[in-house]
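A.B. asks: One structure coming up, written as structure tokens, with questions to follow.
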Amino acid sequence: MTAADPRTIYLSDYQPYSHLLEQVELCFHLDPAATRVKARLHMAPNPLRPGKQDVRLDGEGLKLISCAVNGEALNVVPDATGLSIAAARLPSGAFVLETEVEIAPEDNTALEGLYMSNGMYCTQCEAEGFRKITFYPDRPDVMTRFKVRIEGDLPVLLSNGNPVAQGADWAEWDDPWPKPAYLFALVAGDLVNFPDHFTTMSGREVALNIWVRPGDEGRCAWGMASLKAAMLWDEQVYGREYDLDIFNIVAVDDFNMGAMENKGLNIFNSKAVLASADTATDDDFARVESIIAHEYFHNWTGNRITCRDWFQLCLKEGLTVYRDQQFSSDLRSAPVKRIQDVLALRARQFREDGGPLAHPVRPDHYIEINNFYTATVYEKGAEVIGMLRRLVGDADYARALDLYFARHDGQAATIEDWLAVFAEVSGRDLTQFKLWYTQAGTPVLKVSEDWADGRYTLTLEQENPPTPGQPEKAPKLIPVAIGLIGPNGDEVVPTQLLEFGEAKHSYVYDGLGARPVASILRGFSAPVIVERSVSIEDRAFLLAHDSDAFNRWEAGRTLGKELLARMITEAAEPLPEFLAAMEALAFDDTLEPAYRALALRLPSEDDMAATLFAAGHVPDPAAIHAARDALHLAMAQQMRPRLAALESAMHVPGAYSPDAASAGKRALRLGVLGLLARLDGGSAAREAYYDASNMTESFGALAILLEIGEGSTVLADFEEKFQDDRLVMDKWFAVQVACAKPEAMADVVRDLTQHRGFDIKNPNRFRAVFGAMAANHAGFHEADGAGYDLLADWLIKLDLLNPQTAARMSTGFESWPRYDIDRQEMMRAALERILASKGLSRDLGEMAARMLAR
């Protein structure tokens, strides 16, 4: 299969695998250049596939040494994608299929299958990496028990399940729980462990370990605390107990993803597990906590119950994202977490929904499944779970989850299985709700209002815009949480949930003494875009009085977007009402600092580009950049007399702690320092940098100084301090690109790719530079097109080494239809050049073709 001749996989073509796999025994003899893998597959005919069937095993890049059935050698020749054995050559009943293959982990730069990272053997098998290890039915519905023997001269030899035997240069592992091949894991290396233990709710003792390279032990405590918190939370909230004697986490420097939930042996990108006060920011600590919880929660929502096929990916990922969001909300601030999740959803998923890469939460076809590990599957998938819970209520949600776990434990399930338990428990017909899984795109919720003689009428209308392959759509069932607020700020109608499932519907509220202000979509009750004409006075009123924390923040955010849009398109001046409202919010001590810090952040440049485009304007990246700078300056000038006092009040004395309250104060302090820097040339930020006792403050001050063009000295100091720390240096690379002046960004990127620390083979370092480049909106879209050419050049280079990362980084181009004709032509030319490149992978080829709508 090549990018020029891709094969499309369709959900409608699903068939069960031809055989049942009763057990697999694997033996690895490790060698960097010539690892030998022996596999014994205990197979039997599948009664769901009557008649004698051929055996088809997936396999890519494998050197076949031998193949035998029940001990008798077979002369078979693999093809480019696997190995076939004709039914006539197989026994009628159960049999054992044995293969031995040879692979070269040291040459595996794609980081799929078995590869090496700084002398460590490591695996990544999701989605289809196991076929690069041995010949196997590499599909999620083939679940079986794995017994593994590892032979090698490294001190630590790990695999899934429980350790059962070990000796000099060998170890054996047995996983008692059936699993698909994508959950297989193996790690071997010179590692040290950070140990602990956990007692489950039934009294079992579980050994816990975080395995790291020597020297990283001091950065494991937070990860271990996060793991134990997740284990306890899952017992208390979902009733799910861990089911093995040991739980291992391994930190790996070279990893395409954030982490992987392999049964009992979670493999993590180092940046997603290692954290200490002097190397990790508050955001890093929160991310480590969330990712560790996410991968642990997969033990039940992904491992014990997995997905029948890759079209059901949202079944495990959407549900597990929702669970980790619940966990973080419970441990930290629920309003702040909700705002952060919605910001991420709008920045990534709404952008995806609004462009050529739009696809349903459950797609119905794909070419390369790695390209569907997307914000739509993960974040929108989580929003669908949240909507379902709102509709059925907390009690039925809990009962439905209990039924789901009881009914489907040990199975590979589907979205239909998932919805069936909710329909059974709640008695609801969820046919219309299922459209959230099958329709792409972000619905637009149009709101109109009428007031007369004590009657308030709210009319809702939904529009589901066309997306690739789906020109027309039926109305969805949208849960709209609404409250009505009276002129004195009191709620005259407390929060209620409107189940809006028609194209248009009016809701009437009688007997009101005065015209209310409606607070609509409280808690962001559905992932929709709201179109509503609201006066500045009403926005300010909601900002001051809304009892819903999310909608209070949303009022300020929307007011800021409307003001920025006028500044960009009409050369308007900053509104005094907005500036006064922001000042009042910043200094409102009744609000938690983290909330205030979020409220002070202006909409991103990419967000403004999407907003302008939706309103019928052609976004001008330079004008957007200038308007945001002007509004930041106006906010600073408005608050000038009080900023220094607020900055001082938010200083957190004493030893560093990543707790939510302390992190919130540091976030607000840095926000204030960012405003002060526009007034004092960065003197306060510079002082904060040199006085900093933790990475949050030092890195935050560095970013502020770079943003105003005053950071060269502290940038050099930062490099000198951390040049030998690979994770901190990722930040050093990224911040320079993110904060570069638009006209200079391309040169900054070119210089950094020549730096001794740049390594195209390391996904973290590549993302640090080119992810930051695509996120620097004005710089990437500089009128000369240099950013487009640079990204295309490096994606073509990376694709030959690591197709998966190249494909994911290509989404920098996905919003090309928004912009002016010249920019569109340059981005199209860059994508065409990618498509024409020699040796183009299926991964990157599919992405470029979809963005060009081919």
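By convention in this document, the chains of the structure tokens carry letters A, B, ... by their order, each chain's residues are numbered from 1, and ligands are numbered from 1 in the order they are shown.
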Find the residues around A:Leu675 up to 8 Å (only C-alpha atoms counted), leave out those fewer than 6 positions away in its own chain, and share them as a tab-separated table (two decimals) with N, CA and C atoms, in the first residue's frame.
C.D. replies:
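As a result, around_12.tsv now contains:
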chain	number	residue	atom	x	y	z
A	632	HIS	N	-4.12	44.58	24.72
A	632	HIS	CA	-3.31	44.26	25.91
A	632	HIS	C	-2.75	45.54	26.53
A	633	LEU	N	-2.25	46.42	25.68
A	633	LEU	CA	-1.70	47.68	26.19
A	633	LEU	C	-2.79	48.51	26.86
A	635	MET	N	-5.50	47.44	28.33
A	635	MET	CA	-5.82	46.82	29.61
A	635	MET	C	-4.77	47.18	30.66
A	636	ALA	N	-3.50	47.16	30.24
A	636	ALA	CA	-2.42	47.52	31.17
A	636	ALA	C	-2.55	48.96	31.63
A.B. asks: Using only C-alpha atoms, find each residue in stretch 542-653 of chain A having at least one atom no more than 12 Å away from stretch 683-698 of chain A; report its shortest atom-to-atom pair and that distance in Å (one decimal), rows by chain then rising number, as CSV.
C.D. replies:
residue,atom,partner,partner_atom,distance
A:Leu643,CA,A:Ala684,CA,10.8
A:Ala644,CA,A:Ala684,CA,8.8
A:Glu647,CA,A:Ala684,CA,9.4
A:Ser648,CA,A:Ala684,CA,10.6
A:Met650,CA,A:Glu697,CA,11.8
A:His651,CA,A:Ala688,CA,10.0
A:Val652,CA,A:Ser693,CA,10.2
A:Pro653,CA,A:Ser693,CA,9.6
A.B. asks: Next, write the just-selected residues to a file, as a tab-separated table (two decimals), in the first residue's frame, keeping C-alpha atoms as the atom set.
C.D. replies:
chain	number	residue	atom	x	y	z
A	643	LEU	CA	-1.06	46.21	39.00
A	644	ALA	CA	2.04	46.29	41.19
A	647	GLU	CA	1.41	41.25	41.48
A	648	SER	CA	2.82	41.44	44.99
A	650	MET	CA	-0.16	36.94	44.25
A	651	HIS	CA	3.42	36.08	45.21
A	652	VAL	CA	3.48	32.61	46.82
A	653	PRO	CA	6.16	32.46	49.53
A.B. asks: Any chance you could list, as a ChimeraX atom specification, the residues in stretch 212-274 of chain A that come up strand (DSSP E or B) when DSSP is run on the backbone?
C.D. replies: /A:212,246-252,259-260,265-269
A.B. asks: For A:Arg515, which residue out of A:Ile246, A:Ala452, A:Val447, A:Leu702 is the nearest one, using only C-alpha atoms?
C.D. replies: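 The shortest atom-to-atom distance to A:Arg515 comes from A:Ala452.
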A.B. asks: Set the distance at 8 Å and use only C-alpha atoms: which residues neighbour stretch 746-763 of chain A once local chain neighbours fewer than 6 positions away are removed? I'd like the list as a count of residues only.
C.D. replies: 21
A.B. asks: Which value, in Å to one decimal, gives the distance between atom CA of A:Leu795 and atom CA of A:Arg818?
C.D. replies: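 Computing the Euclidean distance for atom CA of A:Leu795 and atom CA of A:Arg818 yields 22.0 Å.
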A.B. asks: For stretch 35-48 of chain A, list every protein, DNA or RNA residue within 8 Å, evaluated using only C-alpha atoms, and leave out those in the same chain fewer than 5 positions away; present the list as a ChimeraX atom specification.
C.D. replies: /A:16-30,53,92-105,133-134
A.B. asks: May I ask which of the residues A:Thr442, A:Asn266, A:Gln462, A:Gln496 is the closest one to A:Cys122, counting only C-alpha atoms?
C.D. replies: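 Among A:Thr442, A:Asn266, A:Gln462, A:Gln496, it is A:Asn266 that comes nearest to A:Cys122.
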A.B. asks: Just how far from atom CA of A:Asp546 is atom CA of A:Asp490, in Å to one decimal?
C.D. replies: 8.8 Å
A.B. asks: Looking only at helix (DSSP H, G or I) from DSSP on the backbone, list the matching residues of stretch 233-369 of chain A as a ChimeraX atom specification.
C.D. replies: /A:233-238,270-272,282-297,310-331,334-353,369
A.B. asks: Find the nearest atom pair between each residue of stretch 326-428 of chain A and stretch 592-600 of chain A for residues within 9 Å, count only C-alpha atoms, give distances in Å to one decimal, sort rows by chain and ascending number, and present the table as a Markdown table.
C.D. replies:
| residue | atom | partner | partner_atom | distance |
| --- | --- | --- | --- | --- |
| A:Ser333 | CA | A:Ala594 | CA | 8.6 |
| A:Pro335 | CA | A:Tyr595 | CA | 7.7 |
| A:Val336 | CA | A:Tyr595 | CA | 5.7 |
| A:Ile339 | CA | A:Leu598 | CA | 8.0 |
| A:Gln340 | CA | A:Leu598 | CA | 8.3 |
A.B. asks: Could those residues be written to a file, using N, CA and C atoms, as an mmCIF file, in the first residue's frame?
C.D. replies:
data_model
loop_
_atom_site.group_PDB
_atom_site.id
_atom_site.type_symbol
_atom_site.label_atom_id
_atom_site.label_comp_id
_atom_site.auth_asym_id
_atom_site.auth_seq_id
_atom_site.Cartn_x
_atom_site.Cartn_y
_atom_site.Cartn_z
ATOM 1 N N SER A 333 -10.142 22.768 40.528
ATOM 2 C CA SER A 333 -11.292 23.673 40.467
ATOM 3 C C SER A 333 -12.172 23.286 39.299
ATOM 4 N N PRO A 335 -14.855 24.866 37.918
ATOM 5 C CA PRO A 335 -15.069 25.926 36.920
ATOM 6 C C PRO A 335 -13.833 26.192 36.062
ATOM 7 N N VAL A 336 -12.663 26.232 36.703
ATOM 8 C CA VAL A 336 -11.433 26.487 35.946
ATOM 9 C C VAL A 336 -11.168 25.349 34.969
ATOM 10 N N ILE A 339 -13.480 25.614 31.944
ATOM 11 C CA ILE A 339 -13.040 26.656 31.010
ATOM 12 C C ILE A 339 -11.826 26.179 30.215
ATOM 13 N N GLN A 340 -10.868 25.558 30.878
ATOM 14 C CA GLN A 340 -9.675 25.066 30.179
ATOM 15 C C GLN A 340 -10.042 24.028 29.127
#
